[in-house]
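Undergrad: To be precise about what I am sending: the file is called final30.txt and holds compact mmCIF, C-alpha atoms.
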```
# COMPACT_ATOMS: atom_id res chain seq x y z
CA MET A 1 95.89 101.82 83.38
CA SER A 2 94.13 105.12 82.68
CA GLN A 3 91.20 103.48 80.87
CA LYS A 4 87.85 104.72 82.18
CA ALA A 5 85.52 102.30 83.90
CA LYS A 6 82.24 101.76 82.02
CA THR A 7 78.90 101.02 83.62
CA GLY A 8 75.82 99.88 81.79
CA LEU A 9 73.02 102.22 82.86
CA ALA A 10 69.48 100.83 82.67
CA VAL A 11 66.18 102.06 84.05
CA VAL A 12 63.29 99.70 84.79
CA ALA A 13 59.58 100.45 85.21
CA SER A 14 56.19 98.75 85.38
CA HIS A 15 53.00 99.86 83.63
CA TYR A 16 51.10 98.71 86.72
CA GLU A 17 53.03 100.81 89.24
CA SER A 18 53.48 104.50 89.99
CA GLY A 19 56.66 106.33 88.93
CA GLY A 20 57.37 105.11 85.42
CA GLN A 21 56.83 108.60 84.01
CA ARG A 22 60.08 109.70 85.68
CA ALA A 23 62.22 106.98 84.09
CA GLU A 24 63.85 109.05 81.35
CA GLU A 25 64.67 112.05 83.54
CA LEU A 26 66.12 109.75 86.20
CA VAL A 27 68.47 108.07 83.77
CA ARG A 28 69.57 111.39 82.22
CA ALA A 29 70.45 112.80 85.64
CA ALA A 30 72.39 109.63 86.54
CA GLU A 31 74.29 109.80 83.26
CA GLU A 32 75.54 113.32 84.01
CA ALA A 33 76.33 112.51 87.64
CA LEU A 34 78.44 109.50 86.64
CA LYS A 35 80.30 111.43 83.96
CA ALA A 36 81.24 113.94 86.65
CA LYS A 37 82.78 111.05 88.61
CA GLY A 38 84.99 110.02 85.70
CA VAL A 39 82.92 106.99 84.69
CA GLU A 40 81.73 106.30 81.16
CA PRO A 41 78.00 105.48 81.37
CA VAL A 42 76.66 103.34 78.53
CA VAL A 43 72.93 104.08 78.54
CA GLY A 44 70.33 101.60 77.36
CA SER A 45 68.41 102.92 74.38
CA LYS A 46 65.02 102.56 76.07
CA THR A 47 63.23 102.18 79.37
CA ILE A 48 62.89 98.51 80.31
CA TRP A 49 59.19 97.68 80.71
CA ASP A 50 59.34 93.94 80.05
CA ALA A 51 61.69 91.02 79.44
CA ALA A 52 61.97 91.75 75.71
CA ASP A 53 63.23 95.26 76.51
CA ALA A 54 65.63 93.81 79.08
CA ILE A 55 67.12 91.38 76.56
CA ASP A 56 67.52 94.13 73.96
CA VAL A 57 69.26 96.47 76.41
CA CYS A 58 71.53 93.70 77.67
CA ARG A 59 72.58 92.99 74.10
CA GLU A 60 73.50 96.67 73.67
CA LEU A 61 75.46 96.81 76.91
CA LYS A 62 77.33 93.59 76.21
CA SER A 63 78.43 94.93 72.83
CA GLN A 64 80.03 97.88 74.64
CA GLU A 65 81.88 95.57 77.09
CA VAL A 66 80.72 97.39 80.20
CA ASP A 67 82.38 96.66 83.55
CA SER A 68 79.29 96.85 85.79
CA LEU A 69 75.53 97.12 85.61
CA THR A 70 73.62 99.99 87.24
CA VAL A 71 69.86 99.51 87.42
CA ILE A 72 67.62 102.46 88.35
CA LEU A 73 64.26 101.39 89.77
CA SER A 74 61.76 104.08 88.86
CA THR A 75 58.97 101.78 90.14
CA TRP A 76 58.50 98.42 91.79
CA VAL A 77 59.10 95.70 89.17
CA THR A 78 58.79 91.92 89.11
CA ASP A 79 61.52 89.53 90.23
CA SER A 80 61.62 87.97 86.79
CA LEU A 81 62.49 91.27 85.08
CA LEU A 82 65.47 91.97 87.35
CA TYR A 83 66.50 88.33 87.10
CA VAL A 84 66.86 88.68 83.31
CA LEU A 85 69.22 91.64 83.74
CA VAL A 86 71.38 89.97 86.40
CA GLN A 87 71.50 86.62 84.61
CA GLN A 88 72.23 88.07 81.19
CA MET A 89 74.98 90.47 82.29
CA GLN A 90 76.67 88.51 85.13
CA LEU A 91 78.64 91.57 86.19
CA PRO A 92 78.92 93.52 89.43
CA VAL A 93 75.44 94.99 89.80
CA VAL A 94 74.21 97.98 91.79
CA PHE A 95 70.55 98.92 92.19
CA TRP A 96 69.69 102.60 92.44
CA ALA A 97 66.58 103.16 94.55
CA VAL A 98 64.89 106.55 94.31
CA PRO A 99 63.23 108.39 97.25
CA TYR A 100 59.62 108.42 96.06
CA THR A 101 57.45 106.72 98.65
CA GLU A 102 54.68 105.64 96.30
CA THR A 103 57.08 103.73 94.05
CA PHE A 104 58.37 101.28 96.71
CA SER A 105 61.67 101.50 94.85
CA ILE A 106 63.79 100.75 97.92
CA GLY A 107 61.42 97.97 98.98
CA CYS A 108 61.86 96.35 95.60
CA VAL A 109 65.65 96.39 96.05
CA GLN A 110 65.33 94.80 99.48
CA HIS A 111 62.97 92.14 98.13
CA PHE A 112 65.04 91.20 95.10
CA GLY A 113 68.24 91.50 97.13
CA SER A 114 66.87 88.84 99.45
CA ALA A 115 66.57 86.44 96.51
CA LEU A 116 70.09 87.24 95.36
CA THR A 117 71.48 86.68 98.84
CA THR A 118 69.66 83.35 99.07
CA HIS A 119 71.48 82.23 95.93
CA GLY A 120 74.86 83.65 96.89
CA ILE A 121 74.84 86.40 94.27
CA PRO A 122 76.48 89.61 95.52
CA TYR A 123 74.98 93.02 94.85
CA GLU A 124 75.11 96.60 96.14
CA TYR A 125 72.55 99.39 96.25
CA VAL A 126 72.42 103.15 96.57
CA TYR A 127 69.52 105.34 97.67
CA GLY A 128 68.83 108.89 96.58
CA MET A 129 68.02 111.05 93.62
CA THR A 130 70.00 110.11 90.55
CA ASP A 131 71.97 113.34 90.69
CA ASP A 132 73.04 112.62 94.28
CA GLU A 133 76.82 112.93 94.53
CA ALA A 134 77.35 110.31 97.23
CA ALA A 135 75.23 107.76 95.38
CA ALA A 136 77.02 108.49 92.11
CA ASP A 137 80.39 108.13 93.84
CA LYS A 138 79.54 104.64 95.09
CA VAL A 139 78.23 103.60 91.67
CA ALA A 140 81.49 104.88 90.15
CA LYS A 141 83.56 102.87 92.63
CA ILE A 142 81.58 99.74 91.75
CA ALA A 143 82.26 100.35 88.06
CA GLU A 144 85.96 100.67 88.87
CA ALA A 145 85.89 97.43 90.84
CA GLY A 146 84.17 95.81 87.86
CA ARG A 147 86.87 97.13 85.52
CA ILE A 148 89.60 95.59 87.66
CA ILE A 149 87.74 92.28 88.02
CA ARG A 150 87.28 92.14 84.24
CA SER A 151 91.00 92.84 83.72
CA VAL A 152 92.02 90.15 86.21
CA LYS A 153 89.76 87.61 84.51
CA GLN A 154 91.64 88.27 81.28
CA MET A 155 95.04 88.29 83.01
CA LYS A 156 97.92 86.10 81.84
CA LEU A 157 100.34 85.57 84.72
CA ALA A 158 103.60 83.71 84.16
CA LEU A 159 104.92 81.31 86.76
CA ILE A 160 108.66 81.09 86.14
CA GLY A 161 110.27 78.26 88.04
CA PRO A 162 110.60 74.58 88.80
CA ARG A 163 107.74 72.12 88.44
CA GLN A 164 108.45 68.43 88.26
CA THR A 165 106.37 66.02 86.23
CA TRP A 166 104.75 64.07 89.04
CA ARG A 167 101.37 63.58 90.65
CA VAL A 168 99.78 62.34 93.85
CA ALA A 169 96.11 62.17 92.96
CA GLY A 170 95.60 64.96 90.49
CA PRO A 171 97.21 66.93 87.66
CA GLN A 172 100.74 66.49 86.38
CA ASP A 173 102.85 69.67 86.07
CA THR A 174 100.02 71.95 87.15
CA THR A 175 98.63 71.82 90.68
CA ASN A 176 95.11 71.68 92.01
CA GLU A 177 95.84 75.06 93.63
CA GLU A 178 96.43 76.54 90.19
CA TRP A 179 93.15 75.14 88.90
CA GLU A 180 91.28 76.48 91.94
CA PHE A 181 92.90 79.90 91.68
CA SER A 182 92.10 80.15 87.97
CA ALA A 183 88.51 79.07 88.53
CA LYS A 184 88.03 81.69 91.24
CA PHE A 185 89.72 84.72 89.69
CA GLY A 186 89.87 83.87 85.99
CA VAL A 187 93.66 84.31 85.83
CA THR A 188 95.45 82.18 83.26
CA ILE A 189 98.75 80.86 84.68
CA VAL A 190 101.42 80.40 82.02
CA HIS A 191 104.30 78.05 82.88
CA ILE A 192 107.77 79.18 81.81
CA GLU A 193 110.95 77.48 82.94
CA MET A 194 113.71 79.60 84.48
CA GLU A 195 116.10 77.86 82.11
CA GLU A 196 114.25 79.44 79.19
CA ILE A 197 114.73 82.92 80.65
CA MET A 198 118.40 82.29 81.42
CA ALA A 199 119.04 80.86 77.96
CA ALA A 200 117.45 83.95 76.41
CA ALA A 201 119.60 86.14 78.67
CA ASP A 202 122.76 84.28 77.65
CA ALA A 203 121.85 84.81 74.00
CA VAL A 204 122.00 88.60 74.42
CA SER A 205 125.33 89.94 73.18
CA ASP A 206 127.66 91.84 75.48
CA GLU A 207 127.47 94.80 73.12
CA GLU A 208 123.67 95.01 73.36
CA ALA A 209 123.80 94.60 77.14
CA GLU A 210 126.31 97.43 77.44
CA ARG A 211 124.16 99.68 75.24
CA VAL A 212 120.97 98.99 77.21
CA TYR A 213 122.71 99.26 80.59
CA ALA A 214 124.06 102.68 79.60
CA GLY A 215 120.44 103.80 79.35
CA LEU A 216 119.39 102.09 82.59
CA LYS A 217 122.28 103.61 84.56
CA VAL A 218 120.64 107.04 84.60
CA ARG A 219 117.74 105.66 86.65
CA THR A 220 119.74 103.21 88.78
CA GLY A 221 120.92 103.89 92.33
CA LYS A 222 124.37 103.54 93.86
CA VAL A 223 125.92 100.32 92.57
CA LEU A 224 128.04 98.14 94.87
CA ALA A 225 127.91 95.11 92.58
CA GLU A 226 130.47 94.15 89.95
CA GLU A 227 130.03 95.47 86.42
CA ALA A 228 129.79 91.90 85.15
CA SER A 229 126.76 91.29 87.41
CA MET A 230 125.07 94.46 86.21
CA LEU A 231 125.53 93.46 82.58
CA HIS A 232 124.24 89.95 83.33
CA LEU A 233 121.14 91.39 85.02
CA THR A 234 120.61 93.71 82.07
CA LYS A 235 120.48 90.59 79.91
CA VAL A 236 117.95 89.02 82.30
CA TYR A 237 115.91 92.24 82.15
CA LEU A 238 115.85 92.00 78.34
CA ALA A 239 114.96 88.30 78.45
CA VAL A 240 112.01 88.99 80.74
CA LYS A 241 110.79 91.79 78.48
CA ASP A 242 111.00 89.43 75.53
CA ALA A 243 108.96 86.82 77.45
CA VAL A 244 106.32 89.43 78.27
CA LYS A 245 106.00 90.20 74.57
CA ARG A 246 106.18 86.58 73.37
CA TYR A 247 103.56 85.25 75.81
CA SER A 248 101.43 88.45 75.95
CA LEU A 249 101.86 88.55 79.74
CA ASP A 250 100.32 90.95 82.22
CA ALA A 251 102.62 89.99 85.13
CA LEU A 252 105.22 87.42 86.18
CA ALA A 253 106.11 85.54 89.37
CA ALA A 254 109.61 84.06 89.27
CA GLU A 255 111.71 81.50 91.08
CA CYS A 256 114.23 82.94 93.54
CA TYR A 257 116.49 81.22 96.08
CA PRO A 258 118.28 78.96 96.53
CA PHE A 259 119.43 78.48 92.95
CA TYR A 260 118.60 81.90 91.46
CA SER A 261 119.14 84.22 94.40
CA GLY A 262 119.14 87.85 93.28
CA GLU A 263 118.71 87.02 89.59
CA MET A 264 115.34 88.76 89.27
CA ASN A 265 115.51 91.51 91.91
CA LEU A 266 117.11 94.32 89.94
CA PRO A 267 115.23 93.46 86.72
CA SER A 268 112.04 93.52 88.83
CA SER A 269 112.84 97.03 90.08
CA TRP A 270 113.67 98.32 86.61
CA LEU A 271 110.55 96.74 85.11
CA ALA A 272 108.25 98.01 87.87
CA ASP A 273 109.03 101.55 86.82
CA GLU A 274 107.99 100.57 83.30
CA GLY A 275 104.63 99.22 84.49
CA ILE A 276 105.59 95.51 84.42
CA ILE A 277 105.09 93.43 87.56
CA LEU A 278 107.78 90.81 88.20
CA ASP A 279 107.50 89.15 91.62
CA THR A 280 110.74 87.54 92.77
CA GLU A 281 109.41 84.75 95.00
CA GLY A 282 106.96 82.89 92.78
CA ASP A 283 104.06 84.42 94.71
CA ILE A 284 101.15 84.16 92.28
CA GLY A 285 98.47 85.47 94.65
CA HIS A 286 100.29 88.63 95.64
CA THR A 287 101.35 89.23 92.04
CA MET A 288 97.67 89.30 91.13
CA VAL A 289 96.85 91.68 93.99
CA MET A 290 99.72 93.98 92.91
CA TYR A 291 98.12 94.02 89.47
CA MET A 292 94.77 94.93 91.05
CA LEU A 293 96.31 97.74 93.10
CA ASN A 294 98.19 99.19 90.15
CA LEU A 295 94.98 99.20 88.12
CA ALA A 296 93.11 100.87 91.00
CA ALA A 297 95.76 103.58 91.25
CA GLY A 298 96.00 104.13 87.51
CA GLY A 299 99.66 103.11 87.45
CA GLY A 300 102.74 103.26 89.60
CA ALA A 301 104.46 100.50 91.54
CA THR A 302 103.49 98.49 94.62
CA ALA A 303 105.95 97.53 97.36
CA LEU A 304 106.08 94.01 98.80
CA GLY A 305 107.57 93.34 102.23
CA GLU A 306 107.14 91.38 105.43
CA VAL A 307 107.17 92.28 109.09
CA GLY A 308 110.70 92.61 110.41
CA SER A 309 109.99 94.33 113.71
CA MET A 310 107.24 96.14 115.63
CA ASP A 311 107.48 99.49 117.41
CA GLU A 312 104.61 99.88 119.87
CA GLN A 313 105.52 103.44 120.85
CA ARG A 314 105.41 104.76 117.27
CA GLN A 315 102.68 102.29 116.23
CA ILE A 316 104.86 101.13 113.35
CA LEU A 317 105.26 97.83 111.57
CA ALA A 318 108.75 97.84 110.09
CA LEU A 319 108.49 95.90 106.83
CA ALA A 320 111.63 94.64 105.14
CA HIS A 321 112.55 92.59 102.11
CA GLU A 322 115.66 91.58 100.18
CA GLY A 323 114.58 94.14 97.76
CA SER A 324 113.16 94.19 94.30
CA THR A 325 111.14 97.36 94.86
CA ALA A 326 110.84 100.05 92.17
CA HIS A 327 113.46 102.77 92.37
CA SER A 328 110.66 105.35 92.13
CA LEU A 329 109.36 104.38 95.58
CA ALA A 330 112.41 105.93 97.23
CA ALA A 331 112.37 109.66 98.00
CA SER A 332 115.32 110.11 95.63
CA LEU A 333 117.62 108.04 93.46
CA GLU A 334 120.47 108.79 95.87
CA GLN A 335 118.72 106.63 98.51
CA VAL A 336 118.72 103.51 96.31
CA GLN A 337 121.57 101.02 96.65
CA ILE A 338 122.29 97.95 94.50
CA SER A 339 124.08 95.28 96.53
CA PRO A 340 125.43 91.89 95.40
CA SER A 341 123.43 88.72 96.15
CA GLY A 342 124.29 85.17 95.16
CA ASP A 343 126.77 84.38 92.41
CA ARG A 344 125.68 86.97 89.85
CA GLY A 345 122.61 88.56 91.41
CA CYS A 346 121.81 91.77 93.26
CA PHE A 347 119.19 93.17 95.58
CA VAL A 348 117.72 96.65 95.60
CA GLY A 349 117.91 98.45 98.93
CA LEU A 350 115.90 101.59 99.67
CA PRO A 351 113.84 103.21 102.40
CA LEU A 352 110.26 103.62 101.17
CA LYS A 353 109.48 107.30 100.87
CA PRO A 354 106.97 108.91 103.26
CA MET A 355 103.39 108.56 102.06
CA GLU A 356 100.42 110.26 103.68
CA THR A 357 97.99 107.45 102.86
CA VAL A 358 98.64 103.89 101.71
CA THR A 359 96.56 100.79 101.09
CA ILE A 360 97.80 97.60 102.76
CA SER A 361 96.78 94.22 101.37
CA SER A 362 97.54 90.51 101.41
CA ILE A 363 95.83 87.35 100.15
CA GLN A 364 95.55 83.77 101.34
CA GLY A 365 93.35 80.76 100.81
CA ASN A 366 92.33 77.99 98.45
CA GLY A 367 89.40 76.86 96.36
CA ARG A 368 87.97 74.55 99.00
CA ASP A 369 87.95 76.77 102.08
CA GLY A 370 87.77 80.08 100.25
CA TYR A 371 90.08 83.06 99.86
CA GLN A 372 90.55 86.03 102.12
CA MET A 373 92.11 89.44 101.55
CA LEU A 374 93.52 92.00 103.94
CA VAL A 375 92.09 95.45 103.18
CA GLU A 376 93.56 98.17 105.36
CA SER A 377 94.98 101.68 105.21
CA GLY A 378 97.83 103.46 106.94
CA SER A 379 100.72 105.78 106.22
CA VAL A 380 104.46 105.49 105.65
CA LYS A 381 106.78 107.45 107.90
CA GLU A 382 110.28 108.61 107.12
CA VAL A 383 113.10 106.10 107.59
CA SER A 384 116.34 107.51 108.98
CA ARG A 385 119.57 106.48 107.34
CA GLN A 386 120.69 104.72 110.49
CA GLU A 387 117.42 102.77 110.67
CA TRP A 388 117.95 101.68 107.09
CA ILE A 389 121.55 100.61 107.76
CA ASP A 390 120.53 98.75 110.93
CA GLY A 391 117.79 97.04 108.91
CA GLY A 392 120.33 95.46 106.56
CA GLU A 393 120.33 98.10 103.80
CA LYS A 394 117.44 96.34 102.10
CA LEU A 395 113.88 97.54 101.52
CA LEU A 396 112.61 99.16 104.72
CA VAL A 397 109.09 100.48 105.21
CA ASN A 398 108.04 102.33 108.37
CA LEU A 399 104.38 101.41 108.07
CA CYS A 400 102.22 103.34 110.54
CA ILE A 401 98.86 101.66 111.11
CA GLY A 402 97.51 103.95 113.86
CA ARG A 403 97.14 101.16 116.42
CA ASN A 404 99.22 98.71 118.42
CA PRO A 405 101.24 96.78 115.81
CA ILE A 406 101.49 93.69 118.01
CA ASP A 407 97.68 93.49 118.11
CA ALA A 408 97.60 93.90 114.32
CA VAL A 409 100.06 91.05 113.77
CA ASP A 410 98.10 88.90 116.24
CA ARG A 411 95.01 89.56 114.12
CA LEU A 412 96.82 88.54 110.92
CA MET A 413 98.06 85.35 112.54
CA GLN A 414 94.64 84.48 113.93
CA ALA A 415 93.12 84.99 110.48
CA GLY A 416 95.86 82.91 108.87
CA LEU A 417 96.99 85.71 106.51
CA ASP A 418 100.26 85.25 104.64
CA HIS A 419 103.48 87.02 105.73
CA HIS A 420 103.74 89.07 102.54
CA LEU A 421 102.20 92.55 102.80
CA LEU A 422 101.62 94.88 99.88
CA VAL A 423 101.84 98.66 100.27
CA LYS A 424 100.37 100.96 97.62
CA GLU A 425 100.22 104.73 97.74
CA GLY A 426 96.69 106.13 97.99
CA ASP A 427 93.48 104.92 99.60
CA HIS A 428 92.05 102.11 97.46
CA THR A 429 90.28 100.32 100.31
CA GLN A 430 86.77 101.05 99.04
CA VAL A 431 87.47 99.54 95.64
CA LEU A 432 89.22 96.50 97.17
CA SER A 433 86.30 96.04 99.59
CA LEU A 434 83.84 96.06 96.70
CA MET A 435 85.99 93.55 94.83
CA CYS A 436 85.94 91.27 97.89
CA ARG A 437 82.15 91.58 97.92
CA TYR A 438 81.65 90.78 94.22
CA LEU A 439 84.25 88.00 94.18
CA ASN A 440 82.90 86.44 97.38
CA ILE A 441 86.24 86.83 99.18
CA LYS A 442 86.40 87.26 102.93
CA LYS A 443 87.62 90.75 103.83
CA VAL A 444 90.05 90.92 106.76
CA THR A 445 91.05 94.03 108.72
CA PHE A 446 93.49 94.59 111.59
```
Represent the structure from my file as structure tokens, please.
TA:
Amino acid sequence: MSQKAKTGLAVVASHYESGGQRAEELVRAAEEALKAKGVEPVVGSKTIWDAADAIDVCRELKSQEVDSLTVILSTWVTDSLLYVLVQQMQLPVVFWAVPYTETFSIGCVQHFGSALTTHGIPYEYVYGMTDDEAAADKVAKIAEAGRIIRSVKQMKLALIGPRQTWRVAGPQDTTNEEWEFSAKFGVTIVHIEMEEIMAAADAVSDEEAERVYAGLKVRTGKVLAEEASMLHLTKVYLAVKDAVKRYSLDALAAECYPFYSGEMNLPSSWLADEGIILDTEGDIGHTMVMYMLNLAAGGGATALGEVGSMDEQRQILALAHEGSTAHSLAASLEQVQISPSGDRGCFVGLPLKPMETVTISSIQGNGRDGYQMLVESGSVKEVSRQEWIDGGEKLLVNLCIGRNPIDAVDRLMQAGLDHHLLVKEGDHTQVLSLMCRYLNIKKVTF
């Protein structure tokens, strides 16, 4: 999670235009400015004057597995030269135009950007000297978006749950939705049956479960469930960890009710505080977005809930869920309660701790009509104990969005956004917005 984003840094110039003499100093200044922003710049070994230079530099940058491409235009250059860079790298690209009138650097970006837009290829640009802090900050954010996009494309996400062998006019035990989702985001969906997880859990000895649970107890809230349930869920926790290792998984989305109610909730909470995402409702899309948010934040857990009530006076959306949220998202361990659910399951109840700034997100769509993502910010206000009790002693989030919550929910319904909402501490809206841009996803706001 703490891996630095890497951007390939290239400078282009033309022998027939003014400004090429500045190329090397421009790229050196950009290199230092990006390092100051926490990005690892991978600098091309030479100024790009022609297509041969462009191909050589692209080869160098590819070998370093950069996350984005930053192109400094020290002069006006031909379409065909920039085309080589964009086509060879096929990464989020940002053009850095410099403020020298005689170079027509910004005009060149506008011109080539027009061609990219015509062909549906997203890009961004910045304008200013290459030591400009604001420009460097945007380039750094684009590199971070590229890092997350690259990680998602390599993601292995397990779908744990029932799929019958049948078809209407398409695949057999996969769905067309899965194919579309994989084609769009690059995620590989790995099918695992719930029976496999439960069989692995049953194979864990009582002695091992007791030993592991003794260690988990110190980071587990108040337990209202039977000891037998806690030991069973410890076995499920171990079975999921074994599946993560066996299948080299980055995240999991598991079957829940009606047959496995509460079986994954407590393991999900325990695992979230170990950096493993386990969604408890088979929600592949939101599992992926949780993965994105955790990468953007450099770690930590993301809460998932849905609107339970709206308070116009306080401008609050009260989100609730039959919880599987990480214990660490409560203000203290004393506020976490483990309650029985189903035959052997549990749910994790807690009020989400106050947070000054949070990112709010959701995803919906398909491969035919396109995908859309909610990208918003807000804050989390304190939840009183009585509010939490009245809310069912489950997950409760007092999400303050700074506007009429009824209008916000109307907006979500009009846009067709899903009922699940993700809440992540910190403001990651700029990175998510850039990801929407580069992935050609519609961005939705309240």
Undergrad: Interatomic distance between CA of Val423 (chain A) and CA of Ala303 (chain A)?
TA: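 So the two atoms, CA of Val423 (chain A) and CA of Ala303 (chain A), lie 5.2 Å apart.
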Undergrad: Would you mind telling me which residue in A:Ala169, A:Cys400, A:Leu249, A:Ala136 lies nearest to Lys381 (chain A) when using all atoms listed in the file?
TA: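 Checking each of A:Ala169, A:Cys400, A:Leu249, A:Ala136 against Lys381 (chain A), counting all atoms listed in the file, the winner is A:Cys400.
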Undergrad: Could you name the residues that touch Val289 (chain A) at 8 Å or less, counting only C-alpha atoms, but leaving out those on the same chain fewer than 6 positions away, as a list of chain:residue names?
TA: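 Non-adjacent residues within range: A:Ser361, A:Ser362, A:Ile363.
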Undergrad: Selected residues, C-alpha atoms, written as a PDB file, in the coordinates of the input, please.
TA:
```pdb
ATOM      1  CA  SER A 361      96.780  94.220 101.370  1.00  0.00           C
ATOM      2  CA  SER A 362      97.540  90.510 101.410  1.00  0.00           C
ATOM      3  CA  ILE A 363      95.830  87.350 100.150  1.00  0.00           C
TER       4      ILE A 363
END
```
Undergrad: With distances taken over only C-alpha atoms, which residue among A:Ile197, A:Ala140, A:Val348, A:Val43 lies nearest Ala5 (chain A)?
TA: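 Closest candidate: A:Ala140.
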Undergrad: Would you compute the distance between CA of Gln372 (chain A) and CA of Glu178 (chain A)? Give it in Å to one decimal.
TA: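 Distance reported for this atom pair: 16.3 Å.
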Undergrad: Could you name the residues that touch region 89-100 of chain A at 7 Å or less, counting all atoms listed in the file, but leaving out those on the same chain fewer than 5 positions away, as a list of chain:residue names?
TA: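 Listed by chain and then number, they are A:Cys58, A:Asp67, A:Ser68, A:Leu69, A:Thr70, A:Val71, A:Ile72, A:Leu73, A:Ser74, A:Ser105, A:Ile106, A:Val109, A:Tyr123, A:Glu124, A:Tyr125, A:Val126, A:Tyr127, A:Gly128, A:Met129, A:Val139, A:Gly146, A:Tyr438.
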Undergrad: Can you tell me which residues surround region 329-339 of chain A at a distance of at most 7 Å, considering only C-alpha atoms, apart from same-chain residues fewer than 5 positions away, and format the answer as an MDAnalysis selection string?
TA: chainID A and resid 221:225 346:353
Undergrad: Which residues are close to region 29-41 of chain A, i.e. within 6 Å by only C-alpha atoms, leaving aside same-chain residues fewer than 5 positions away? Reply as a PyMOL selection string.
TA: chain A and resi 4-7+130-131+136
